[in-house]
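What's in work.csv: CSV, C-alpha atoms and all ligand atoms
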chain,number,residue,atom,x,y,z
Q,1,SER,CA,128.6,97.8,76.0
Q,2,VAL,CA,125.3,97.0,77.9
Q,3,PRO,CA,124.3,99.5,80.6
Q,4,GLN,CA,124.5,98.1,84.1
Q,5,ARG,CA,121.0,97.8,85.3
Q,6,VAL,CA,119.5,96.2,88.5
Q,7,PHE,CA,116.1,94.6,88.6
Q,8,SER,CA,114.5,92.8,91.6
Q,9,GLY,CA,111.1,92.2,93.0
Q,10,VAL,CA,109.2,91.3,96.2
Q,11,GLN,CA,105.8,89.5,96.3
Q,12,PRO,CA,102.9,91.2,98.0
Q,13,THR,CA,101.9,88.2,99.9
Q,14,GLY,CA,101.8,89.7,103.4
Q,15,ASN,CA,104.1,89.4,106.4
Q,16,LEU,CA,107.2,91.1,105.0
Q,17,HIS,CA,109.9,89.9,107.3
Q,18,LEU,CA,113.5,90.5,108.3
Q,19,GLY,CA,114.7,87.9,105.7
Q,20,ASN,CA,113.1,90.0,102.9
Q,21,TYR,CA,114.7,93.1,104.4
Q,22,LEU,CA,118.3,91.7,104.9
Q,23,GLY,CA,118.3,89.4,101.8
Q,24,ALA,CA,116.7,91.9,99.4
Q,25,ILE,CA,115.3,95.3,100.4
Q,26,LYS,CA,118.3,96.6,102.4
Q,27,ARG,CA,120.5,95.6,99.4
Q,28,PHE,CA,118.2,97.4,96.9
Q,29,VAL,CA,119.0,100.6,98.8
Q,30,GLU,CA,122.7,100.0,98.8
Q,31,LEU,CA,122.9,99.4,95.1
Q,32,GLN,CA,121.3,102.7,94.2
Q,33,ASP,CA,124.6,104.6,94.0
Q,34,ARG,CA,126.2,102.2,91.6
Q,35,PHE,CA,123.3,101.2,89.2
Q,36,GLY,CA,120.1,102.3,87.6
Q,37,CYS,CA,117.6,100.3,89.6
Q,38,ILE,CA,114.1,98.9,88.9
Q,39,TYR,CA,112.3,97.6,91.9
Q,40,CYS,CA,109.0,95.8,91.4
Q,41,VAL,CA,106.1,94.7,93.5
Q,42,VAL,CA,105.5,91.4,91.8
Q,43,ASP,CA,101.8,91.0,92.1
Q,44,LEU,CA,101.5,88.6,89.2
Q,45,HIS,CA,103.7,86.2,91.1
Q,46,ALA,CA,101.6,86.5,94.2
Q,47,ILE,CA,98.5,85.2,92.4
Q,48,THR,CA,100.2,81.9,91.6
Q,49,VAL,CA,98.6,80.9,94.9
Q,50,TRP,CA,95.1,82.1,96.1
Q,51,GLN,CA,95.1,85.8,97.3
Q,52,ASP,CA,92.1,87.5,98.8
Q,53,PRO,CA,91.6,90.5,96.4
Q,54,ALA,CA,91.2,93.2,99.1
Q,55,GLU,CA,94.2,91.8,101.0
Q,56,LEU,CA,96.3,91.7,97.9
Q,57,ARG,CA,95.5,95.4,97.1
Q,58,ARG,CA,96.6,96.3,100.7
Q,59,SER,CA,99.8,94.2,100.4
Q,60,ILE,CA,100.8,95.8,97.1
Q,61,ARG,CA,100.8,99.2,98.8
Q,62,GLU,CA,102.5,97.8,101.9
Q,63,VAL,CA,105.5,96.4,99.9
Q,64,ALA,CA,105.8,99.6,98.0
Q,65,ALA,CA,105.8,101.4,101.3
Q,66,ALA,CA,108.5,99.1,102.6
Q,67,PHE,CA,110.7,99.9,99.6
Q,68,LEU,CA,110.3,103.6,100.1
Q,69,ALA,CA,110.6,103.5,103.9
Q,70,ALA,CA,113.8,101.5,103.7
Q,71,GLY,CA,115.3,104.2,101.5
Q,72,VAL,CA,114.6,103.2,97.9
Q,73,ASP,CA,114.4,106.4,95.8
Q,74,GLY,CA,111.3,106.2,93.6
Q,75,GLU,CA,112.3,109.4,91.7
Q,76,LYS,CA,115.8,108.6,90.8
Q,77,HIS,CA,115.1,104.9,90.3
Q,78,ILE,CA,111.9,103.0,89.3
Q,79,VAL,CA,109.4,101.6,91.7
Q,80,PHE,CA,106.2,100.0,90.3
Q,81,ASN,CA,103.7,97.3,90.3
Q,82,GLN,CA,104.2,94.4,87.9
Q,83,SER,CA,100.6,94.1,86.6
Q,84,GLN,CA,100.7,97.7,85.5
Q,85,VAL,CA,103.2,96.9,82.7
Q,86,SER,CA,101.8,94.4,80.3
Q,87,GLY,CA,105.2,93.4,78.9
Q,88,HIS,CA,105.8,91.1,81.9
Q,89,ALA,CA,102.9,88.8,81.0
Q,90,GLU,CA,103.6,89.1,77.2
Q,91,LEU,CA,107.3,88.2,77.5
Q,92,ALA,CA,106.5,85.5,80.0
Q,93,TRP,CA,104.4,83.8,77.3
Q,94,ILE,CA,107.2,83.9,74.8
Q,95,PHE,CA,109.5,82.5,77.4
Q,96,ASN,CA,107.0,79.7,78.1
Q,97,CYS,CA,107.8,78.7,74.5
Q,98,VAL,CA,111.6,79.0,75.0
Q,99,ALA,CA,112.0,77.2,78.3
Q,100,ARG,CA,111.9,73.4,78.3
Q,101,LEU,CA,109.7,71.3,80.5
Q,102,GLY,CA,112.7,69.5,81.8
Q,103,TRP,CA,114.2,72.7,83.0
Q,104,LEU,CA,111.1,73.6,85.0
Q,105,ASN,CA,110.8,70.1,86.4
Q,106,ARG,CA,114.1,70.6,88.2
Q,107,MET,CA,112.9,73.7,90.1
Q,108,THR,CA,113.0,72.9,93.8
Q,109,GLN,CA,110.8,75.8,94.9
Q,110,PHE,CA,107.8,74.5,92.9
Q,111,LYS,CA,108.2,71.1,94.6
Q,112,GLU,CA,108.3,72.8,98.0
Q,113,LYS,CA,105.4,75.2,97.3
Q,114,ALA,CA,103.2,72.6,95.5
Q,115,GLY,CA,103.7,70.1,98.3
Q,116,LYS,CA,102.1,66.7,98.1
Q,117,ASP,CA,99.0,67.8,96.1
Q,118,ARG,CA,101.0,68.7,93.0
Q,119,GLU,CA,98.1,67.9,90.6
Q,120,ASN,CA,96.2,70.7,92.3
Q,121,ALA,CA,98.9,73.4,92.0
Q,122,SER,CA,98.2,76.2,89.6
Q,123,VAL,CA,99.9,76.2,86.2
Q,124,GLY,CA,101.1,79.7,87.1
Q,125,LEU,CA,103.0,78.3,90.1
Q,126,TYR,CA,104.8,75.9,87.8
Q,127,ALA,CA,105.6,78.5,85.2
Q,128,TYR,CA,106.5,81.1,87.8
Q,129,PRO,CA,110.3,81.0,87.0
Q,130,ASN,CA,109.6,81.9,83.3
Q,131,LEU,CA,107.7,85.0,84.5
Q,132,MET,CA,110.6,85.9,86.7
Q,133,ALA,CA,113.0,85.6,83.8
Q,134,ALA,CA,110.6,87.9,81.8
Q,135,ASP,CA,110.6,90.4,84.7
Q,136,ILE,CA,114.4,90.7,84.6
Q,137,LEU,CA,115.0,90.5,80.8
Q,138,LEU,CA,112.1,92.9,79.9
Q,139,TYR,CA,114.5,95.6,81.1
Q,140,ARG,CA,117.6,93.7,79.9
Q,141,ALA,CA,118.8,93.9,83.5
Q,142,THR,CA,122.4,92.8,84.2
Q,143,HIS,CA,122.3,92.3,88.0
Q,144,VAL,CA,119.7,90.9,90.3
Q,145,PRO,CA,119.9,91.2,94.1
Q,146,VAL,CA,118.1,88.3,95.7
Q,147,GLY,CA,118.3,85.9,98.6
Q,148,GLU,CA,119.9,82.5,98.3
Q,149,ASP,CA,116.5,80.9,97.7
Q,150,GLN,CA,116.3,82.5,94.3
Q,151,LYS,CA,119.6,81.2,93.0
Q,152,GLN,CA,118.1,78.4,90.9
Q,153,HIS,CA,115.5,80.7,89.3
Q,154,LEU,CA,118.3,83.1,88.3
Q,155,GLU,CA,120.2,80.2,86.6
Q,156,LEU,CA,117.0,79.4,84.7
Q,157,ALA,CA,116.7,83.1,83.6
Q,158,ARG,CA,120.3,82.9,82.3
Q,159,ASP,CA,119.5,79.7,80.4
Q,160,ILE,CA,116.4,81.3,78.9
Q,161,ALA,CA,118.4,84.4,77.8
Q,162,GLN,CA,121.1,82.2,76.3
Q,163,LYS,CA,118.6,79.9,74.4
Q,164,PHE,CA,116.7,82.9,73.1
Q,165,ASN,CA,119.9,84.5,71.8
Q,166,ASN,CA,121.0,81.2,70.2
Q,167,ASP,CA,117.6,80.1,68.7
Q,168,PHE,CA,117.1,83.5,67.1
Q,169,ALA,CA,120.7,84.4,66.3
Q,170,ALA,CA,120.0,84.8,62.6
Q,171,SER,CA,117.0,87.0,63.2
Q,172,ILE,CA,118.8,89.0,65.8
Q,173,ALA,CA,121.5,89.7,63.3
Q,174,ALA,CA,119.1,90.4,60.4
Q,175,ASN,CA,117.4,93.0,62.6
Q,176,GLY,CA,120.8,94.7,63.2
Q,177,LEU,CA,120.7,93.9,67.0
Q,178,ASP,CA,123.5,92.9,69.4
Q,179,GLU,CA,124.1,89.2,69.2
Q,180,LYS,CA,123.7,89.1,73.0
Q,181,PHE,CA,120.3,90.6,72.8
Q,182,PHE,CA,119.4,89.5,76.3
Q,183,PRO,CA,122.3,89.9,78.7
Q,184,LEU,CA,122.8,86.9,81.0
Q,185,PRO,CA,121.7,88.4,84.4
Q,186,GLU,CA,124.1,88.0,87.3
Q,187,PRO,CA,122.7,87.2,90.7
Q,188,LEU,CA,123.9,89.4,93.5
Q,189,ILE,CA,123.7,87.1,96.5
Q,190,ALA,CA,126.2,88.4,99.1
Q,191,GLY,CA,126.6,89.5,102.7
Q,192,PRO,CA,126.0,87.8,106.0
Q,193,ALA,CA,122.3,87.2,105.6
Q,194,THR,CA,121.5,85.7,102.2
Q,195,ARG,CA,119.4,83.1,103.9
Q,196,VAL,CA,117.8,84.2,107.2
Q,197,MET,CA,116.4,81.2,109.0
Q,198,SER,CA,113.3,80.8,111.1
Q,199,LEU,CA,113.7,81.8,114.8
Q,200,ARG,CA,111.9,78.6,115.8
Q,201,ASP,CA,113.7,76.1,113.5
Q,202,GLY,CA,117.2,76.6,112.3
Q,203,SER,CA,116.7,74.2,109.4
Q,204,LYS,CA,113.9,76.3,107.7
Q,205,LYS,CA,114.2,79.7,106.1
Q,206,MET,CA,112.3,82.6,107.6
Q,207,SER,CA,109.2,82.9,105.4
Q,208,LYS,CA,106.0,84.8,104.9
Q,209,SER,CA,104.0,81.7,104.6
Q,210,GLU,CA,105.2,80.0,107.8
Q,211,PRO,CA,102.1,79.7,110.1
Q,212,SER,CA,104.0,80.5,113.3
Q,213,ASP,CA,104.3,84.3,113.6
Q,214,ALA,CA,107.0,83.7,116.3
Q,215,SER,CA,109.2,82.2,113.5
Q,216,ARG,CA,109.8,85.6,111.9
Q,217,ILE,CA,110.3,89.2,112.7
Q,218,ASN,CA,107.8,91.2,110.6
Q,219,LEU,CA,108.7,94.7,109.3
Q,220,THR,CA,105.4,95.7,111.0
Q,221,ASP,CA,106.3,94.4,114.4
Q,222,ASP,CA,106.7,96.9,117.2
Q,223,ALA,CA,109.7,97.0,119.7
Q,224,ASP,CA,107.9,94.7,122.2
Q,225,GLN,CA,107.1,92.1,119.6
Q,226,ILE,CA,110.7,92.1,118.3
Q,227,ALA,CA,112.1,91.8,121.8
Q,228,SER,CA,109.8,88.9,122.7
Q,229,LYS,CA,110.5,87.0,119.5
Q,230,ILE,CA,114.3,87.3,119.8
Q,231,ARG,CA,114.3,86.4,123.5
Q,232,LYS,CA,112.3,83.3,122.6
Q,233,ALA,CA,114.3,82.4,119.6
Q,234,LYS,CA,115.6,78.8,119.7
Q,235,THR,CA,119.3,78.5,120.6
Q,236,ASP,CA,121.6,75.8,121.9
Q,237,PRO,CA,123.0,75.7,125.5
Q,238,LEU,CA,126.6,76.7,124.6
Q,239,PRO,CA,128.0,80.2,124.8
Q,240,LEU,CA,128.8,82.0,121.5
Q,241,PRO,CA,131.9,80.7,119.8
Q,242,GLU,CA,135.1,82.8,119.5
Q,243,THR,CA,135.5,82.2,115.8
Q,244,VAL,CA,133.4,81.7,112.7
Q,245,GLU,CA,134.5,78.1,112.4
Q,246,GLY,CA,132.7,77.5,115.8
Q,247,LEU,CA,129.4,78.4,114.1
Q,248,LYS,CA,129.5,75.2,112.0
Q,249,ASP,CA,126.8,72.8,113.0
Q,250,ARG,CA,125.2,75.4,115.2
Q,251,PRO,CA,122.5,76.7,112.8
Q,252,GLU,CA,120.6,78.9,115.4
Q,253,ALA,CA,123.8,80.6,116.6
Q,254,ASP,CA,124.9,81.1,113.0
Q,255,ASN,CA,121.6,82.6,112.1
Q,256,LEU,CA,121.5,85.1,115.0
Q,257,VAL,CA,125.1,86.1,114.4
Q,258,GLY,CA,124.4,86.6,110.7
Q,259,ILE,CA,121.4,88.8,111.5
Q,260,TYR,CA,123.4,90.9,113.9
Q,261,ALA,CA,126.2,91.2,111.3
Q,262,ALA,CA,123.9,92.2,108.5
Q,263,LEU,CA,122.1,94.8,110.6
Q,264,ALA,CA,125.4,96.3,111.8
Q,265,ASP,CA,126.9,96.3,108.3
Q,266,SER,CA,129.6,94.1,109.7
Q,267,ASP,CA,130.5,90.4,109.4
Q,268,ALA,CA,130.3,87.3,111.6
Q,269,ALA,CA,134.0,87.5,112.5
Q,270,ALA,CA,133.7,91.0,113.9
Q,271,VAL,CA,130.5,90.1,115.8
Q,272,LEU,CA,132.2,87.2,117.4
Q,273,ALA,CA,135.3,89.2,118.2
Q,274,GLN,CA,132.9,91.3,120.4
Q,275,TYR,CA,130.5,88.6,121.7
Q,276,GLY,CA,132.5,85.3,121.5
Q,277,GLY,CA,132.2,83.6,124.9
Q,278,ALA,CA,129.1,85.5,125.8
Q,279,GLN,CA,125.9,83.7,126.9
Q,280,PHE,CA,122.9,83.9,124.5
Q,281,SER,CA,120.9,85.9,127.0
Q,282,ALA,CA,123.4,88.8,126.8
Q,283,PHE,CA,123.8,88.5,123.0
Q,284,LYS,CA,120.1,88.4,122.5
Q,285,GLN,CA,119.6,91.6,124.4
Q,286,ALA,CA,122.2,93.3,122.2
Q,287,LEU,CA,120.5,91.9,119.1
Q,288,VAL,CA,117.1,93.2,120.4
Q,289,ASP,CA,118.5,96.7,120.8
Q,290,LEU,CA,120.2,96.6,117.3
Q,291,THR,CA,117.1,95.2,115.6
Q,292,VAL,CA,114.7,97.7,117.2
Q,293,ASP,CA,117.2,100.5,116.4
Q,294,LYS,CA,117.3,99.6,112.7
Q,295,LEU,CA,113.7,98.6,112.1
Q,296,ALA,CA,111.8,101.2,114.2
Q,297,PRO,CA,112.4,104.1,111.8
Q,298,ILE,CA,111.4,101.9,108.8
Q,299,ASN,CA,108.3,100.7,110.7
Q,300,ALA,CA,107.3,104.3,111.5
Q,301,GLU,CA,107.8,105.5,107.9
Q,302,MET,CA,105.8,102.5,106.6
Q,303,LYS,CA,102.9,103.4,108.8
Q,304,ARG,CA,103.0,107.0,107.7
Q,305,LEU,CA,103.1,105.9,104.0
Q,306,VAL,CA,100.3,103.3,104.1
Q,307,ALA,CA,98.1,105.9,105.7
Q,308,ASP,CA,98.3,107.8,102.4
Q,309,PRO,CA,97.5,105.3,99.7
Q,310,GLY,CA,97.0,108.0,97.2
Q,311,HIS,CA,100.6,109.0,97.5
Q,312,ILE,CA,101.8,105.4,97.1
Q,313,ASP,CA,99.5,104.9,94.0
Q,314,ARG,CA,101.0,108.0,92.5
Q,315,VAL,CA,104.6,106.7,93.0
Q,316,LEU,CA,103.6,103.4,91.5
Q,317,GLY,CA,101.8,105.0,88.6
Q,318,HIS,CA,104.8,107.2,87.8
Q,319,GLY,CA,107.1,104.2,88.1
Q,320,ALA,CA,104.9,102.1,85.8
Q,321,GLU,CA,105.0,104.8,83.1
Q,322,ARG,CA,108.8,104.9,83.1
Q,323,ALA,CA,109.1,101.1,83.3
Q,324,ASP,CA,106.6,100.7,80.4
Q,325,ALA,CA,108.7,102.9,78.2
Q,326,ILE,CA,111.7,100.6,78.5
Q,327,ALA,CA,109.5,97.5,78.3
Q,328,GLU,CA,107.8,98.6,75.1
Q,329,THR,CA,111.2,99.0,73.4
Q,330,THR,CA,112.2,95.5,74.4
Q,331,MET,CA,108.9,94.0,73.3
Q,332,ALA,CA,109.0,95.7,70.0
Q,333,ALA,CA,112.4,94.2,69.3
Q,334,VAL,CA,111.4,90.8,70.6
Q,335,LYS,CA,108.4,90.7,68.3
Q,336,ASP,CA,110.6,91.7,65.3
Q,337,ILE,CA,113.1,89.0,66.3
Q,338,VAL,CA,110.5,86.2,66.8
Q,339,GLY,CA,108.5,87.2,63.7
Q,340,LEU,CA,105.3,88.3,65.4
Q,401,LIG,P1,109.2,85.1,100.5
Q,401,LIG,O1,110.2,84.1,100.0
Q,401,LIG,O2,109.4,85.5,101.9
Q,401,LIG,O3,107.8,84.7,100.2
Q,401,LIG,P2,109.6,86.7,98.1
Q,401,LIG,O4,109.5,85.4,97.3
Q,401,LIG,O5,108.7,87.8,97.8
Q,401,LIG,O6,109.4,86.4,99.7
Q,401,LIG,O7,111.1,87.1,98.1
Q,401,LIG,C1,111.5,88.5,98.1
Q,401,LIG,C2,113.0,88.6,98.3
Q,401,LIG,O8,113.4,88.2,99.6
Q,401,LIG,C3,113.8,87.6,97.4
Q,401,LIG,O9,114.9,88.2,96.9
Q,401,LIG,C4,114.1,86.5,98.3
Q,401,LIG,O10,115.3,85.8,97.9
Q,401,LIG,C5,114.3,87.2,99.6
Q,401,LIG,N1,114.1,86.4,100.8
Q,401,LIG,C6,113.0,85.7,101.1
Q,401,LIG,N2,113.2,85.0,102.2
Q,401,LIG,C7,114.5,85.2,102.6
Q,401,LIG,C8,115.2,84.8,103.8
Q,401,LIG,N3,114.7,84.0,104.7
Q,401,LIG,N4,116.5,85.2,103.8
Q,401,LIG,C9,117.0,86.0,102.9
Q,401,LIG,N5,116.4,86.5,101.8
Q,401,LIG,C10,115.1,86.1,101.7
Q,402,NA,NA,111.1,83.6,97.9
How does the structure come out when it is put into C-alpha cells?
Ligand code: ADP
Ligand code: NA
Amino acid sequence: SVPQRVFSGVQPTGNLHLGNYLGAIKRFVELQDRFGCIYCVVDLHAITVWQDPAELRRSIREVAAAFLAAGVDGEKHIVFNQSQVSGHAELAWIFNCVARLGWLNRMTQFKEKAGKDRENASVGLYAYPNLMAADILLYRATHVPVGEDQKQHLELARDIAQKFNNDFAASIAANGLDEKFFPLPEPLIAGPATRVMSLRDGSKKMSKSEPSDASRINLTDDADQIASKIRKAKTDPLPLPETVEGLKDRPEADNLVGIYAALADSDAAAVLAQYGGAQFSAFKQALVDLTVDKLAPINAEMKRLVADPGHIDRVLGHGAERADAIAETTMAAVKDIVGL
C-alpha cells in the first residue's frame, strides 16, 4: 500500500495572516504525529503575479520562519523552498500536457485573481493549478491540508492524477509500476476555521492581497495591533446567539466565533455555550486575549528566526536535498512512463 504522506505549501507573497495560520500552518503542525510531512514555501506560485525580487527573497524566509515558529519540525519532516527542487517545474510541464483547457477554464480562483483584465494575466497564473498538482504528486502525497479556497484546485489535482494513470496505463504496467502510479490526493479541509473571513467584510475571505490592513490579523502584528483590529472588527448589533444555528445569516459573528474556536482547539458549540447571550464588546475582549496569547509566542519566535537568515537558509537547503531525492525518483519513473 502507498505510504501516507502529507504535502502542502504557502506562497511567499507577504502579509501572512490568521487565515493562513488557522486554515493551514496550525494544521501542518497537528499532522506531524500521524504522517510524514513535506511543507513547502511555494515561490514559483508567488511569481505568477509580479513580485519585487528583494521583497520575494525576504518573504521566502519569513514563511519558512512562520512554519518553524508555529512548530513545524524541519528535522523530522521536510521544509523547503519550491524553486530549489527542479522537479516541480518539470512535472508541471508534463501536467500542462495532461490537463485539458476546459478543466482550467472552470477554475474560479483564476477568474478572481485575473479580474477584468484577463488578457493581461500571466500564463503562469492560468496554469497555476497544474503546478500545484505537480507539487503534490511529485512526492506522491496522499493528504493535503488546505483552506476551503483550495478545494477546487485539489479536485483538479485528482483529475490530473487519474488521467495520467489512465492515459499511460499500458506503459505504467510495462514498467512494472503500480497501476495507481499517482495516488488521488485527499484534501484535509476540516475544523472551525477552514475559511477565515475579512474583519471588515464578512463576505470576503481574509487575504494577503486585500489592501486594507485592518481586514486581517498578520502573524507579524503586535498585541496592540491585534487588539485594535479585533475591537474594530465589523459585527451586527445583536448579542451572540446561544446555539450554532443562531450563527446562520450572521457572517461576522460566525467568523469571530470560528476564530475563537480554532484558536482554543474547541468548536463553535462550546464557544457559544460559554459566550451565548454576551455582547460583542465582552466577547471581543476574550478573543483579543486568546489571540494575543496564541500568536505572541509565534510572533516572537518568527522575529528571532528572521534575524538569522543563515539559519533559515540552512534549514531550507537541507530540506531541499531531502525533497529532491524523493522528487528525482518520481521524475525518473515519470520519464520512463511517458517515453522521454
Ligand atoms: P493567500 O490565499 O492568503 O494568498 P496562500 O494561497 O499562500 O495564501 O494559501 C496558503 C494556505 O492558507 C492555503 O492552504 C489556503 O487555503 C490557506 N488560506 C488562505 N486564506 C485563508 C483563509 N482566509 N482562511 C483559511 N485558510 C486560508
Ligand atoms: Na490561497
At a cut-off of 9 Å around ligand NA 402 (chain Q), and using only C-alpha atoms and all ligand atoms, what residues come up? Please write them as a PDB file with C-alpha atoms, in the frame of the given file.
ATOM      1  CA  VAL Q  10     109.200  91.300  96.200  1.00  0.00           C
ATOM      2  CA  GLN Q  11     105.800  89.500  96.300  1.00  0.00           C
ATOM      3  CA  ASN Q  20     113.100  90.000 102.900  1.00  0.00           C
ATOM      4  CA  GLN Q 109     110.800  75.800  94.900  1.00  0.00           C
ATOM      5  CA  VAL Q 146     118.100  88.300  95.700  1.00  0.00           C
ATOM      6  CA  GLY Q 147     118.300  85.900  98.600  1.00  0.00           C
ATOM      7  CA  GLU Q 148     119.900  82.500  98.300  1.00  0.00           C
ATOM      8  CA  ASP Q 149     116.500  80.900  97.700  1.00  0.00           C
ATOM      9  CA  GLN Q 150     116.300  82.500  94.300  1.00  0.00           C
ATOM     10  CA  SER Q 207     109.200  82.900 105.400  1.00  0.00           C
ATOM     11  CA  LYS Q 208     106.000  84.800 104.900  1.00  0.00           C
TER      12      LYS Q 208
END
Kindly work out which residues sit at most 8 Å from ligand LIG 401 (chain Q), using all atoms listed in the file, and give the list as a ChimeraX atom specification.
/Q:8-13,15-25,42,145-151,193-198,205-209
Atoms kept (C-alpha atoms) for selection, written as an mmCIF file, in the frame of the given file:
data_model
loop_
_atom_site.group_PDB
_atom_site.id
_atom_site.type_symbol
_atom_site.label_atom_id
_atom_site.label_comp_id
_atom_site.auth_asym_id
_atom_site.auth_seq_id
_atom_site.Cartn_x
_atom_site.Cartn_y
_atom_site.Cartn_z
ATOM 1 C CA SER Q 8 114.500 92.800 91.600
ATOM 2 C CA GLY Q 9 111.100 92.200 93.000
ATOM 3 C CA VAL Q 10 109.200 91.300 96.200
ATOM 4 C CA GLN Q 11 105.800 89.500 96.300
ATOM 5 C CA PRO Q 12 102.900 91.200 98.000
ATOM 6 C CA THR Q 13 101.900 88.200 99.900
ATOM 7 C CA ASN Q 15 104.100 89.400 106.400
ATOM 8 C CA LEU Q 16 107.200 91.100 105.000
ATOM 9 C CA HIS Q 17 109.900 89.900 107.300
ATOM 10 C CA LEU Q 18 113.500 90.500 108.300
ATOM 11 C CA GLY Q 19 114.700 87.900 105.700
ATOM 12 C CA ASN Q 20 113.100 90.000 102.900
ATOM 13 C CA TYR Q 21 114.700 93.100 104.400
ATOM 14 C CA LEU Q 22 118.300 91.700 104.900
ATOM 15 C CA GLY Q 23 118.300 89.400 101.800
ATOM 16 C CA ALA Q 24 116.700 91.900 99.400
ATOM 17 C CA ILE Q 25 115.300 95.300 100.400
ATOM 18 C CA VAL Q 42 105.500 91.400 91.800
ATOM 19 C CA PRO Q 145 119.900 91.200 94.100
ATOM 20 C CA VAL Q 146 118.100 88.300 95.700
ATOM 21 C CA GLY Q 147 118.300 85.900 98.600
ATOM 22 C CA GLU Q 148 119.900 82.500 98.300
ATOM 23 C CA ASP Q 149 116.500 80.900 97.700
ATOM 24 C CA GLN Q 150 116.300 82.500 94.300
ATOM 25 C CA LYS Q 151 119.600 81.200 93.000
ATOM 26 C CA ALA Q 193 122.300 87.200 105.600
ATOM 27 C CA THR Q 194 121.500 85.700 102.200
ATOM 28 C CA ARG Q 195 119.400 83.100 103.900
ATOM 29 C CA VAL Q 196 117.800 84.200 107.200
ATOM 30 C CA MET Q 197 116.400 81.200 109.000
ATOM 31 C CA SER Q 198 113.300 80.800 111.100
ATOM 32 C CA LYS Q 205 114.200 79.700 106.100
ATOM 33 C CA MET Q 206 112.300 82.600 107.600
ATOM 34 C CA SER Q 207 109.200 82.900 105.400
ATOM 35 C CA LYS Q 208 106.000 84.800 104.900
ATOM 36 C CA SER Q 209 104.000 81.700 104.600
#
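Of the residues under consideration (Q:Leu184, Q:Met331, Q:Ala69, Q:Ala121), Q:Met331 shows the shortest atom-to-atom contact distance to Glu90 of chain Q when counting all atoms listed in the file.
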Mind running segment 48-125 of chain Q against segment 314-328 of chain Q at 7 Å and telling me each contacting residue's nearest atom pair with the distance in Å (one decimal), counting all atoms listed in the file, chain and number ascending, as CSV?
residue,atom,partner,partner_atom,distance
Q:Gly74,CA,Q:Val315,CA,6.7
Q:Ile78,CA,Q:Gly319,CA,5.1
Q:Val79,CA,Q:Gly319,CA,5.0
Q:Phe80,CA,Q:Leu316,CA,4.4
Q:Asn81,CA,Q:Leu316,CA,6.2
Q:Gln84,CA,Q:Ala320,CA,6.1
Q:Val85,CA,Q:Asp324,CA,5.6
Q:Gly87,CA,Q:Ala327,CA,6.0
Work out how far atom CA of Lys229 of chain Q is from atom CA of Gln285 of chain Q, in Å to one decimal.
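We find that atom CA of Gln285 of chain Q and atom CA of Lys229 of chain Q lie 11.3 Å from each other.
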Contacts of Lys294 of chain Q within 12 Å, only C-alpha atoms, excl. fewer than 2 positions in-chain, as a short mmCIF file (atom, residue, chain, number, x, y, z; two decimals) with C-alpha atoms, in the coordinates of the input:
data_model
loop_
_atom_site.label_atom_id
_atom_site.label_comp_id
_atom_site.auth_asym_id
_atom_site.auth_seq_id
_atom_site.Cartn_x
_atom_site.Cartn_y
_atom_site.Cartn_z
CA LEU Q 18 113.50 90.50 108.30
CA TYR Q 21 114.70 93.10 104.40
CA LEU Q 22 118.30 91.70 104.90
CA LYS Q 26 118.30 96.60 102.40
CA ALA Q 69 110.60 103.50 103.90
CA ALA Q 70 113.80 101.50 103.70
CA LEU Q 219 108.70 94.70 109.30
CA ASP Q 222 106.70 96.90 117.20
CA ALA Q 223 109.70 97.00 119.70
CA ILE Q 226 110.70 92.10 118.30
CA ILE Q 259 121.40 88.80 111.50
CA TYR Q 260 123.40 90.90 113.90
CA ALA Q 262 123.90 92.20 108.50
CA LEU Q 263 122.10 94.80 110.60
CA ALA Q 264 125.40 96.30 111.80
CA ASP Q 265 126.90 96.30 108.30
CA LEU Q 287 120.50 91.90 119.10
CA VAL Q 288 117.10 93.20 120.40
CA ASP Q 289 118.50 96.70 120.80
CA LEU Q 290 120.20 96.60 117.30
CA THR Q 291 117.10 95.20 115.60
CA VAL Q 292 114.70 97.70 117.20
CA ALA Q 296 111.80 101.20 114.20
CA PRO Q 297 112.40 104.10 111.80
CA ILE Q 298 111.40 101.90 108.80
CA ASN Q 299 108.30 100.70 110.70
CA ALA Q 300 107.30 104.30 111.50
#
Could you check which of Q:Arg57, Q:Leu188, Q:Thr220, Q:Gly202 is closest to Glu301 of chain Q, using only C-alpha atoms?
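Counting only C-alpha atoms, the residue closest to Glu301 of chain Q is Q:Thr220.
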Could you pull the residues within 9 Å of Pro3 of chain Q, counting all atoms listed in the file, minus those fewer than 3 positions along the same chain, as a list in words?
Phe35, Gly36, Arg140, Ala141 and Thr142 of chain Q
Find the residues with any atom within 10 Å of (110.6, 85.5, 69.5); use all atoms listed in the file and the coordinates as given in the file, and write the answer as number ranges by chain.
Q: 91, 94-95, 97-98, 164-165, 167-168, 171-172, 331, 333-340
Using Å and a single decimal, report how far atom CA of Leu238 of chain Q sits from atom CA of Ala286 of chain Q.
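Straight-line distance from atom CA of Ala286 of chain Q to atom CA of Leu238 of chain Q works out to 17.3 Å.
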Interatomic distance between atom CA of Pro185 of chain Q and atom CA of Val123 of chain Q?
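These atoms are spaced 25.0 Å apart.
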Closest to Glu210 of chain Q among Q:Arg27, Q:His143, Q:Lys113, Q:Arg5, using all atoms listed in the file?
Q:Lys113
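Distances to Ala89 of chain Q were evaluated for Q:Asn130, Q:Asn120, Q:Ser59, Q:Thr330 using all atoms listed in the file, and the minimum falls at Q:Asn130.
Considering all atoms listed in the file, the residue among Q:Glu112, Q:Asp213, Q:Asp43, Q:Asp201 positioned nearest to Asp135 of chain Q is Q:Asp43.
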Give the answer as one residue: which of Q:Ala278, Q:Val6, Q:Glu119, Q:Lys76 has the shortest atom-to-atom distance to Tyr139 of chain Q, using only C-alpha atoms?
Q:Val6
